[in-house]
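**Student:** Here it is, the structure, as structure tokens.
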Amino acid sequence: MEGSSDGVIVARVLRGDVDAFRVLVNRYRDKYARYAFHMLGNREDAEEALQDAFTRAYRSLARCEDPERFGAWLFRILVNRCRTLGARRGRRARTFVVDEGAILEAAEDHPAERNAWREEIDRGLQQLRADQREAFLLKYVEDMGYDEMSQLTGVGVSALKMRVMRACDRLRELLSEVHSA
Amino acid sequence: MHDNDGIMKEIARALRAHRPPVSASFDERVMSAVRRLPPHSRFRLWSRLTTPRTVTVIPLSWGLLAASVALFAVIGVARAFDDVQIATKPMITALFPNARAPQPPQRVQFVLVAPDAKKVAVVGDFNGWDADHASYQAQHRGGGVWSVTAPVPVGHHRYSFVVDDSLWVADPTAPRVVDNDFGVANSAMVVQEQK
């Protein structure tokens, strides 16, 4: 079943095979954890958003229009969960916490300078407005086109371009000095 | 000093390469949460009917006996059902004078103006949100107007248009209800029985 397409697995889950859903969790967990982590800034919130997205996807699975594109549908749910969780987190004025596990893991593969650079990027990202951070991540990290982003977020293309531009300007401002050092 | 595009490329590269570790218990947490939800049963009856199973052939005498028992049971149940209906009809009428037979679905016309569309379908809780449901495929009536008249059960419903199999569009003429799972607005309607 591991090699089956998303559509085949979704059909099995809809027939009552709950355990088949684990294959989808395994398939998309790591890929989408990256977006949630960068969007929310810490592992705890990222995992909460991701778990919530998987649970909601399961509950609404019969409404998945194109089961072969389950991943894209799940990502849409995740983007919405990150918005909701981010707004809630904003209300309780949580400060940015660097994820220690991620740093330890990254430190095994990269020299200290590279790790410090990534920390600065994480800090810079968290200083962006949430809508600008979302647009920036979808464009530059998830490599989406503006039309695709517009469909996903429900925001117009020109507004998204503006958000990306402002995010880039702000990141340049925040990171130029560190980068050139 | 590095150029600006160089910085953006560096940032994007660093973020793409970053794979934050997910807790070892994550899969199990998700599966536990999922198991607490009602299982899907969309095809459960079909699955039961189509799942292969071992059948033991009983000798002829047992077969005849079973057939006889089944025949008498069917006749008995049919007669008993008739008797119960005859006996309870006056009682139901007395207890529920306004009781009526189930209301039949009503014909509802859905209209959307979508000049650039190649395909328009109606999805809703009345057709399992199935954009391929044959009865709910809108036809192009000219001038970008798409419409379909289809049966919808009496009651409250949520629905939406699906344009070109990908874009969900709420009915501009109907009230909207935000779906919290997806952050998109569906349309709401109430279908009443025609008198």
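We label chains A, B, ... in the order they appear in the structure tokens, count residues from 1 in each chain, and number ligands from 1 in the order shown.
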Neighbouring residues of Val8 in chain A were defined as those with any atom within 12 Å, considering only C-alpha atoms; residues of the same chain fewer than 2 positions away were excluded. Please report them as number ranges by chain.
**Tutor:** A: 1-6, 10-15, 17, 20-21, 23-24, 66-70
**Student:** Among the residues of chain A, find those DSSP assigns to helix (DSSP H, G or I) from the backbone and print them as a ChimeraX atom specification.
**Tutor:** /A:6-14,18-40,43-59,61-63,67-91,100-109,112-127,130-141,146-153,157-180
**Student:** Set out as CSV a contact list for chain A and chain B with a cut-off of 8 Å, giving each residue of chain A that qualifies its closest atom pair and distance in Å to one decimal, counting only C-alpha atoms, ordered by chain and rising residue number.
**Tutor:**
```
residue,atom,partner,partner_atom,distance
A:Val13,CA,B:His40,CA,7.0
A:Leu14,CA,B:His40,CA,5.2
A:Arg15,CA,B:Phe43,CA,5.0
A:Gly16,CA,B:His40,CA,5.1
A:Val18,CA,B:Pro39,CA,7.1
A:Asp19,CA,B:Met31,CA,7.7
A:Phe21,CA,B:Met31,CA,7.8
A:Arg22,CA,B:Met31,CA,6.8
A:Val25,CA,B:Asp27,CA,6.6
A:Asn26,CA,B:Asp27,CA,7.1
A:Arg29,CA,B:Val22,CA,7.8
A:Asp30,CA,B:Val22,CA,6.9
A:Lys31,CA,B:Arg19,CA,8.0
A:Ala33,CA,B:Pro20,CA,6.8
A:Arg34,CA,B:Arg19,CA,5.9
A:Phe37,CA,B:Pro20,CA,7.1
A:Arg43,CA,B:Pro20,CA,7.7
A:Glu47,CA,B:Val22,CA,7.3
A:Gln51,CA,B:Val30,CA,5.8
A:Phe54,CA,B:Val30,CA,7.0
A:Thr55,CA,B:Val34,CA,5.9
A:Arg56,CA,B:Asp181,CA,6.7
A:Tyr58,CA,B:Val34,CA,6.9
A:Arg59,CA,B:Leu37,CA,7.3
A:Ala62,CA,B:Gly128,CA,7.6
A:Arg63,CA,B:Trp129,CA,5.8
A:Glu65,CA,B:Asp130,CA,7.1
A:Arg76,CA,B:Phe182,CA,7.3
A:Ile77,CA,B:Phe182,CA,5.7
A:Asn80,CA,B:Gly183,CA,6.6
A:Gly101,CA,B:Pro21,CA,7.3
A:Ala102,CA,B:Pro20,CA,5.4
A:Glu105,CA,B:Pro21,CA,7.6
A:Ala106,CA,B:His18,CA,7.6
A:Arg118,CA,B:Ala14,CA,6.5
A:Ile121,CA,B:Ile11,CA,6.8
A:Tyr140,CA,B:Ala12,CA,5.7
A:Val141,CA,B:Arg16,CA,5.6
A:Glu142,CA,B:Arg16,CA,7.9
A:Gln151,CA,B:Leu167,CA,7.5
A:Cys168,CA,B:Met8,CA,7.2
A:Arg172,CA,B:Asn4,CA,6.9
A:Ser176,CA,B:Ile7,CA,7.3
A:His179,CA,B:Ile7,CA,7.3
A:Ser180,CA,B:Met1,CA,5.2
```
**Student:** Could you give me, as a short mmCIF file (atom, residue, chain, number, x, y, z; two decimals) with N, CA, C and O atoms, in the first residue's frame, the residues within 10 Å of Val190 in chain B, counting only C-alpha atoms and dropping anything in the same chain fewer than 4 positions from it?
**Tutor:**
```
data_model
loop_
_atom_site.label_atom_id
_atom_site.label_comp_id
_atom_site.auth_asym_id
_atom_site.auth_seq_id
_atom_site.Cartn_x
_atom_site.Cartn_y
_atom_site.Cartn_z
N VAL B 152 -33.73 18.46 -5.22
CA VAL B 152 -33.11 18.71 -3.91
C VAL B 152 -34.14 18.40 -2.83
O VAL B 152 -35.28 18.87 -2.92
N PRO B 153 -33.79 17.60 -1.84
CA PRO B 153 -34.76 17.28 -0.78
C PRO B 153 -35.22 18.53 -0.02
O PRO B 153 -34.47 19.50 0.08
N VAL B 154 -36.40 18.46 0.51
CA VAL B 154 -36.93 19.55 1.34
C VAL B 154 -36.05 19.70 2.58
O VAL B 154 -35.62 18.71 3.16
N GLY B 155 -35.72 20.95 2.93
CA GLY B 155 -34.90 21.18 4.12
C GLY B 155 -33.84 22.24 3.88
O GLY B 155 -33.81 22.90 2.84
N HIS B 156 -32.94 22.37 4.87
CA HIS B 156 -31.84 23.34 4.79
C HIS B 156 -30.64 22.69 4.11
O HIS B 156 -30.32 21.55 4.43
N HIS B 157 -29.98 23.41 3.24
CA HIS B 157 -28.83 22.83 2.52
C HIS B 157 -27.71 23.85 2.34
O HIS B 157 -27.95 25.05 2.34
N ARG B 158 -26.49 23.28 2.17
CA ARG B 158 -25.33 24.09 1.77
C ARG B 158 -24.90 23.60 0.41
O ARG B 158 -24.93 22.40 0.13
#
```
**Student:** At what distance in Å, to one decimal, does CA of Tyr136 in chain B lie from CA of Pro115 in chain B?
**Tutor:**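 Taking CA of Pro115 in chain B as the start and CA of Tyr136 in chain B as the end point, the length is 18.8 Å.
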**Student:** Which residues, written as a PyMOL selection string, have at least one atom at most 9 Å from Asp131 in chain A, with only C-alpha atoms counted and residues fewer than 5 positions away on the same chain left out?
**Tutor:** chain A and resi 83+136+160+163
**Student:** Those residues with C-alpha atoms, as a compact mmCIF listing (two decimals), in the first residue's frame please?
**Tutor:**
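Final output, result20.txt:
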```txt
# COMPACT_ATOMS: atom_id res chain seq x y z
CA ARG A 83 -3.65 31.22 9.88
CA PHE A 136 6.66 34.74 0.90
CA LEU A 160 -0.16 38.64 -3.23
CA ARG A 163 2.79 41.04 0.03
```
**Student:** Smallest atom-to-atom distance to Met149 in chain A: which of A:Ser60, A:Phe75, A:Glu119, A:Ala53, using only C-alpha atoms?
**Tutor:**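 Comparing A:Ser60, A:Phe75, A:Glu119, A:Ala53 against Met149 in chain A, the winner is A:Phe75.
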**Student:** Identify, on the basis of only C-alpha atoms, every residue whose closest approach to Ala46 in chain A does not exceed 8 Å; exclude the query and any residue fewer than 5 positions from it along the same chain; express the result as a PyMOL selection string.
**Tutor:** chain A and resi 33+36-37+39-41+82
**Student:** Determine the nearest neighbour of Ala135 in chain A from the options A:Asp122, A:Gly154, A:Glu177, A:Glu44, counting only C-alpha atoms.
**Tutor:**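 Ranked by minimum distance to Ala135 in chain A, first place goes to A:Gly154.
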**Student:** What separation in Å, quoted to one decimal, exists between CA of Ala167 in chain A and CA of Asp52 in chain A?
**Tutor:**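 Here the two named atoms are 27.2 Å from each other.
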**Student:** Between CA of Gly124 in chain A and CA of Thr153 in chain A, measure the distance and give it in Å to one decimal.
**Tutor:**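 Rounded to one decimal, the two atoms are 22.5 Å apart.
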